[in-house]
Amino acid sequence: MPELPDVENFKRYFKKTALNKKIVNIECFAKDLIKRISFKDFKNKLIGKSFKDAWRRGKFLIIEIKQIPEKLVFHFGMTGSFYYLKPEESKTKRDRFIRLIFKFEDGDELHWLNLRKLGRVYLVKDLKEIELLKEMGPEPLMLSEKSFLKILDENKEKNIKAVLLDQRIIAGIGNIYSDEILFQAKINPRREIKSLSLKEKIQIYKNMIKILKRAIEAQIPYQQISKKSWLISHRYGDMRCPLNKKHKLKKQTIAGRSAYFCPICQK
DNA sequence: GGTAATGTTAGACT
DNA sequence: TAGTCTAACATTAC
């Protein structure tokens with residue numbers, strides 16, 4: 001589920017639950033998801049330490065550790081989440097897709113779930129060791145309209161959906177929210193940047209900010225967003241355009257992903 | 001059993 | 001050269 005709003009909420013969840021507790025044990029059920037360090041070293045480095053702070057960059061979650069300079073970095077891939085459990089719950093609520101467990105001194109546990117195993121975990125001194133983090137574009141919610149327009153200008157030849165999806169151009173937007181942004185901005189996902197008017201570009205910017213903010217505020221995974229006026233709740237459902245029920249949504253491969261859009265409302 | 005799925009990346013193609 | 005497309009990764013759900 002994780003795009004920017006989802007990872008932002010994982011961050012809040014993590015900060016609310018897992019900070020400042022001594023780690024007493026770590027278990028891993030998919031050791032190849034831990035990158036560039038053996039599980040043994042990973043475990044040795046972290047046991048006895050505690051998490052100090054957490055922040056987000058694009059779709060990455062970065063955890064500061066109190067006693068060492070290394071940072072713990074999570075990427076959730078296409079499917080992933082956290083689950084924090086009290087000792088009495090951890091016996092019964094064992095999800096099938098737990099890949100990593102941090103056990104704390106007080107008996108609480110933080111579970112990292114990753115159904116499709118496309119997620120990754122790193123422990124690095126320097127975030128630049130992670131290729132994509134090093135090349136990551138700006139955070140959309142920190143971006144002024146002016147800078148956004150400049151970015152579009154630098155990518156004139158590309159397709160708008162491809163640009164929104166490209167983490168090196170703008171961080172954190174994935175397939176679902178790129179579709180939602182283009183739907184609410186009424187822009188066809190096949191459009192090339194150079195064909196967009198200034199007004200259309202500003203529409204995209206405004207909707208990007210609005211949608212990301214609202215999705216964060218909703219504090220739920222995007223699948224549960226049930227706002228009828230949003231595309232999200234129709235792409236998995238009736239495939240009707242929220243602006244006009246007579247319009248049938250289309251699904252097409254654009255920029256390598258399945259894009260859902262209304263061929264009539266999105267010009 | 002086939003197909004598609006929220007992400008990323010390498011390599012081929014145009 | 002630059003942009004786009006495809007397959008691969010691992011696994012599940014429909």
# chains A, B, ... in the order shown; residues from 1 in each chain; ligands from 1
call {"tool": "residues_around", "arguments": {"residues": "segment 148-163 of chain A", "least_positions_apart": "4", "cutoff": "6 Å", "atoms": "only C-alpha atoms (C1' of nucleotides)", "output": "PyMOL selection string"}}
result
chain A and resi 189+191-194+255
call {"tool": "residues_around", "arguments": {"residues": "segment 138-144 of chain A", "least_positions_apart": "3", "cutoff": "7 Å", "atoms": "only C-alpha atoms (C1' of nucleotides)", "output": "VMD selection string"}}
result
chain A and resid 58 147 to 148 170 to 171 209
call {"tool": "write_last_selection", "arguments": {"atoms": "C-alpha atoms", "output": "JSON list (two decimals), in the first residue's frame"}}
result
[["chain", "number", "residue", "atom", "x", "y", "z"],
["A", 58, "GLY", "CA", 9.77, 9.85, -0.52],
["A", 147, "SER", "CA", 9.69, 25.12, -8.37],
["A", 148, "PHE", "CA", 7.11, 22.61, -9.54],
["A", 170, "ILE", "CA", 9.48, 14.16, -7.46],
["A", 171, "ALA", "CA", 9.59, 11.94, -4.39],
["A", 209, "ILE", "CA", -0.77, 19.14, -2.76]]
call {"tool": "select_by_dssp", "arguments": {"residues": "segment 64-212 of chain A", "states": "alpha helix (DSSP H)", "output": "ChimeraX atom specification"}}
result
/A:87-90,131-135,145-154,160-165,175-184,198-212
call {"tool": "write_last_selection", "arguments": {"atoms": "C-alpha atoms", "output": "PDB file, in the first residue's frame"}}
result
ATOM      1  CA  PRO A  87       2.972  -8.846  24.886  1.00  0.00           C
ATOM      2  CA  GLU A  88      -0.490 -10.299  25.410  1.00  0.00           C
ATOM      3  CA  GLU A  89      -1.367  -9.699  21.735  1.00  0.00           C
ATOM      4  CA  SER A  90       1.820 -11.040  20.229  1.00  0.00           C
ATOM      5  CA  GLU A 131      21.215   4.724  -4.701  1.00  0.00           C
ATOM      6  CA  LEU A 132      17.621   5.864  -4.993  1.00  0.00           C
ATOM      7  CA  LEU A 133      17.741   7.976  -1.834  1.00  0.00           C
ATOM      8  CA  LYS A 134      20.822   9.679  -3.164  1.00  0.00           C
ATOM      9  CA  GLU A 135      19.076  10.618  -6.397  1.00  0.00           C
ATOM     10  CA  GLU A 145       4.367  26.232  -7.306  1.00  0.00           C
ATOM     11  CA  LYS A 146       7.252  27.990  -8.962  1.00  0.00           C
ATOM     12  CA  SER A 147       9.693  25.117  -8.374  1.00  0.00           C
ATOM     13  CA  PHE A 148       7.106  22.608  -9.542  1.00  0.00           C
ATOM     14  CA  LEU A 149       6.645  24.496 -12.795  1.00  0.00           C
ATOM     15  CA  LYS A 150      10.394  24.597 -13.227  1.00  0.00           C
ATOM     16  CA  ILE A 151      10.611  20.840 -12.762  1.00  0.00           C
ATOM     17  CA  LEU A 152       7.954  20.288 -15.385  1.00  0.00           C
ATOM     18  CA  ASP A 153       9.841  22.603 -17.672  1.00  0.00           C
ATOM     19  CA  GLU A 154      13.007  20.553 -17.275  1.00  0.00           C
ATOM     20  CA  ILE A 160       3.036  13.623 -17.293  1.00  0.00           C
ATOM     21  CA  LYS A 161       2.300  10.329 -15.566  1.00  0.00           C
ATOM     22  CA  ALA A 162       5.883   9.188 -16.048  1.00  0.00           C
ATOM     23  CA  VAL A 163       7.114  12.417 -14.446  1.00  0.00           C
ATOM     24  CA  LEU A 164       4.818  12.133 -11.430  1.00  0.00           C
ATOM     25  CA  LEU A 165       5.928   8.518 -10.948  1.00  0.00           C
ATOM     26  CA  ASN A 175       0.686   4.654  -9.338  1.00  0.00           C
ATOM     27  CA  ILE A 176      -2.467   5.204  -7.304  1.00  0.00           C
ATOM     28  CA  TYR A 177      -1.883   8.831  -6.383  1.00  0.00           C
ATOM     29  CA  SER A 178      -0.538   9.807  -9.797  1.00  0.00           C
ATOM     30  CA  ASP A 179      -3.842   8.580 -11.244  1.00  0.00           C
ATOM     31  CA  GLU A 180      -5.788  10.428  -8.563  1.00  0.00           C
ATOM     32  CA  ILE A 181      -3.901  13.688  -9.126  1.00  0.00           C
ATOM     33  CA  LEU A 182      -4.408  13.552 -12.885  1.00  0.00           C
ATOM     34  CA  PHE A 183      -8.062  12.655 -12.489  1.00  0.00           C
ATOM     35  CA  GLN A 184      -8.811  15.543 -10.152  1.00  0.00           C
ATOM     36  CA  LEU A 198       0.251  26.957 -17.668  1.00  0.00           C
ATOM     37  CA  LYS A 199      -3.246  26.694 -16.246  1.00  0.00           C
ATOM     38  CA  GLU A 200      -3.187  22.911 -16.546  1.00  0.00           C
ATOM     39  CA  LYS A 201       0.206  22.669 -14.890  1.00  0.00           C
ATOM     40  CA  ILE A 202      -1.037  24.752 -11.976  1.00  0.00           C
ATOM     41  CA  GLN A 203      -4.086  22.511 -11.720  1.00  0.00           C
ATOM     42  CA  ILE A 204      -1.808  19.517 -11.405  1.00  0.00           C
ATOM     43  CA  TYR A 205       0.271  21.239  -8.736  1.00  0.00           C
ATOM     44  CA  LYS A 206      -2.749  22.279  -6.667  1.00  0.00           C
ATOM     45  CA  ASN A 207      -4.323  18.853  -6.843  1.00  0.00           C
ATOM     46  CA  MET A 208      -1.062  17.128  -5.983  1.00  0.00           C
ATOM     47  CA  ILE A 209      -0.774  19.142  -2.756  1.00  0.00           C
ATOM     48  CA  LYS A 210      -4.431  18.813  -1.878  1.00  0.00           C
ATOM     49  CA  ILE A 211      -4.635  15.069  -2.516  1.00  0.00           C
ATOM     50  CA  LEU A 212      -1.438  14.167  -0.686  1.00  0.00           C
TER      51      LEU A 212
END
call {"tool": "interface_residues", "arguments": {"of": "chain B", "to": "chain A", "cutoff": "10 Å", "atoms": "only C-alpha atoms (C1' of nucleotides)", "output": "count of residues only"}}
result
5
call {"tool": "atom_distance", "arguments": {"atom1": "atom C1' of DA10 of chain C", "atom2": "atom CA of Phe60 of chain A"}}
result
19.9 Å
call {"tool": "interface_residues", "arguments": {"of": "chain C", "to": "chain A", "cutoff": "10 Å", "atoms": "only C-alpha atoms (C1' of nucleotides)", "output": "CSV table (one decimal) with C-alpha atoms (C1' of nucleotides), in the first residue's frame"}}
result
chain,number,residue,atom,x,y,z
C,2,DA,C1',16.8,10.7,-24.6
C,3,DG,C1',12.6,8.7,-23.6
C,4,DT,C1',9.9,4.5,-23.4
C,5,DC,C1',8.9,-0.3,-23.0
C,6,DT,C1',9.6,-5.0,-21.0
C,9,DC,C1',12.1,-9.6,-8.7
C,10,DA,C1',8.5,-12.6,-4.9
C,11,DT,C1',4.2,-13.7,-3.7
C,12,DT,C1',-0.6,-13.5,-3.2
call {"tool": "atom_distance", "arguments": {"atom1": "atom C1' of DA12 of chain B", "atom2": "atom CA of Ile173 of chain A"}}
result
26.4 Å
call {"tool": "residues_around", "arguments": {"residues": "Lys251 of chain A", "least_positions_apart": "5", "cutoff": "10 Å", "atoms": "only C-alpha atoms (C1' of nucleotides)", "output": "list in words"}}
result
Arg235, Met239, Arg257, Ser258, Ala259, Tyr260, Phe261, Cys262 and Pro263 of chain A
call {"tool": "closest_residue", "arguments": {"among": "A:Lys71, A:Lys66, A:Arg214, A:His247", "to": "Lys227 of chain A", "atoms": "only C-alpha atoms"}}
result
A:Arg214
call {"tool": "select_by_dssp", "arguments": {"residues": "segment 11-110 of chain A", "states": "strand (DSSP E or B)", "output": "ChimeraX atom specification"}}
result
/A:19,23-28,34,51-57,60-65,71-75,81-85,98-104,109-110
call {"tool": "atom_distance", "arguments": {"atom1": "atom CA of Glu109 of chain A", "atom2": "atom C1' of DA13 of chain C"}}
result
28.0 Å
call {"tool": "residues_around", "arguments": {"residues": "Phe102 of chain A", "least_positions_apart": "6", "cutoff": "10 Å", "atoms": "only C-alpha atoms (C1' of nucleotides)", "output": "list in words"}}
result
Ala18, Lys22, Ile23, Val24, Asn25, Ile26, Glu27, Cys28, Lys43, Leu46, Ile47, Tyr84, Asp108, Glu109, Leu110, His111 and Trp112 of chain A
call {"tool": "write_last_selection", "arguments": {"atoms": "N, CA and C atoms", "output": "PDB file, in the first residue's frame"}}
result
ATOM      1  N   ALA A  18       7.298   3.041  18.908  1.00  0.00           N
ATOM      2  CA  ALA A  18       8.543   2.269  19.025  1.00  0.00           C
ATOM      3  C   ALA A  18       9.773   3.056  19.487  1.00  0.00           C
ATOM      4  N   LYS A  22      14.483  -0.130  24.654  1.00  0.00           N
ATOM      5  CA  LYS A  22      15.660  -0.946  24.383  1.00  0.00           C
ATOM      6  C   LYS A  22      15.277  -2.210  23.593  1.00  0.00           C
ATOM      7  N   ILE A  23      16.015  -2.417  22.493  1.00  0.00           N
ATOM      8  CA  ILE A  23      15.762  -3.606  21.668  1.00  0.00           C
ATOM      9  C   ILE A  23      16.493  -4.785  22.315  1.00  0.00           C
ATOM     10  N   VAL A  24      15.776  -5.846  22.608  1.00  0.00           N
ATOM     11  CA  VAL A  24      16.424  -6.994  23.237  1.00  0.00           C
ATOM     12  C   VAL A  24      16.597  -8.175  22.286  1.00  0.00           C
ATOM     13  N   ASN A  25      15.813  -8.199  21.223  1.00  0.00           N
ATOM     14  CA  ASN A  25      15.988  -9.281  20.248  1.00  0.00           C
ATOM     15  C   ASN A  25      15.398  -8.877  18.897  1.00  0.00           C
ATOM     16  N   ILE A  26      15.920  -9.508  17.846  1.00  0.00           N
ATOM     17  CA  ILE A  26      15.402  -9.268  16.507  1.00  0.00           C
ATOM     18  C   ILE A  26      15.262 -10.614  15.818  1.00  0.00           C
ATOM     19  N   GLU A  27      14.116 -10.806  15.166  1.00  0.00           N
ATOM     20  CA  GLU A  27      13.927 -12.043  14.395  1.00  0.00           C
ATOM     21  C   GLU A  27      13.635 -11.667  12.957  1.00  0.00           C
ATOM     22  N   CYS A  28      14.134 -12.504  12.048  1.00  0.00           N
ATOM     23  CA  CYS A  28      13.905 -12.226  10.633  1.00  0.00           C
ATOM     24  C   CYS A  28      13.496 -13.502   9.926  1.00  0.00           C
ATOM     25  N   LYS A  43      21.668  -7.663  13.388  1.00  0.00           N
ATOM     26  CA  LYS A  43      21.175  -7.961  14.720  1.00  0.00           C
ATOM     27  C   LYS A  43      22.165  -7.485  15.796  1.00  0.00           C
ATOM     28  N   LEU A  46      22.144  -3.765  16.367  1.00  0.00           N
ATOM     29  CA  LEU A  46      20.935  -3.121  16.899  1.00  0.00           C
ATOM     30  C   LEU A  46      20.520  -3.581  18.298  1.00  0.00           C
ATOM     31  N   ILE A  47      20.894  -4.755  18.650  1.00  0.00           N
ATOM     32  CA  ILE A  47      20.482  -5.238  19.976  1.00  0.00           C
ATOM     33  C   ILE A  47      21.129  -4.395  21.077  1.00  0.00           C
ATOM     34  N   TYR A  84       2.413  -2.963  15.687  1.00  0.00           N
ATOM     35  CA  TYR A  84       3.026  -2.900  17.013  1.00  0.00           C
ATOM     36  C   TYR A  84       2.132  -3.628  18.006  1.00  0.00           C
ATOM     37  N   ASP A 108       6.988  -5.577  24.423  1.00  0.00           N
ATOM     38  CA  ASP A 108       6.292  -5.153  23.210  1.00  0.00           C
ATOM     39  C   ASP A 108       7.073  -5.611  21.986  1.00  0.00           C
ATOM     40  N   GLU A 109       6.368  -5.700  20.861  1.00  0.00           N
ATOM     41  CA  GLU A 109       7.025  -6.097  19.612  1.00  0.00           C
ATOM     42  C   GLU A 109       6.589  -5.203  18.466  1.00  0.00           C
ATOM     43  N   LEU A 110       7.540  -4.873  17.615  1.00  0.00           N
ATOM     44  CA  LEU A 110       7.215  -4.178  16.368  1.00  0.00           C
ATOM     45  C   LEU A 110       7.414  -5.170  15.229  1.00  0.00           C
ATOM     46  N   HIS A 111       6.335  -5.413  14.492  1.00  0.00           N
ATOM     47  CA  HIS A 111       6.405  -6.337  13.358  1.00  0.00           C
ATOM     48  C   HIS A 111       6.447  -5.554  12.056  1.00  0.00           C
ATOM     49  N   TRP A 112       7.352  -5.956  11.189  1.00  0.00           N
ATOM     50  CA  TRP A 112       7.381  -5.387   9.840  1.00  0.00           C
ATOM     51  C   TRP A 112       6.819  -6.436   8.898  1.00  0.00           C
TER      52      TRP A 112
END
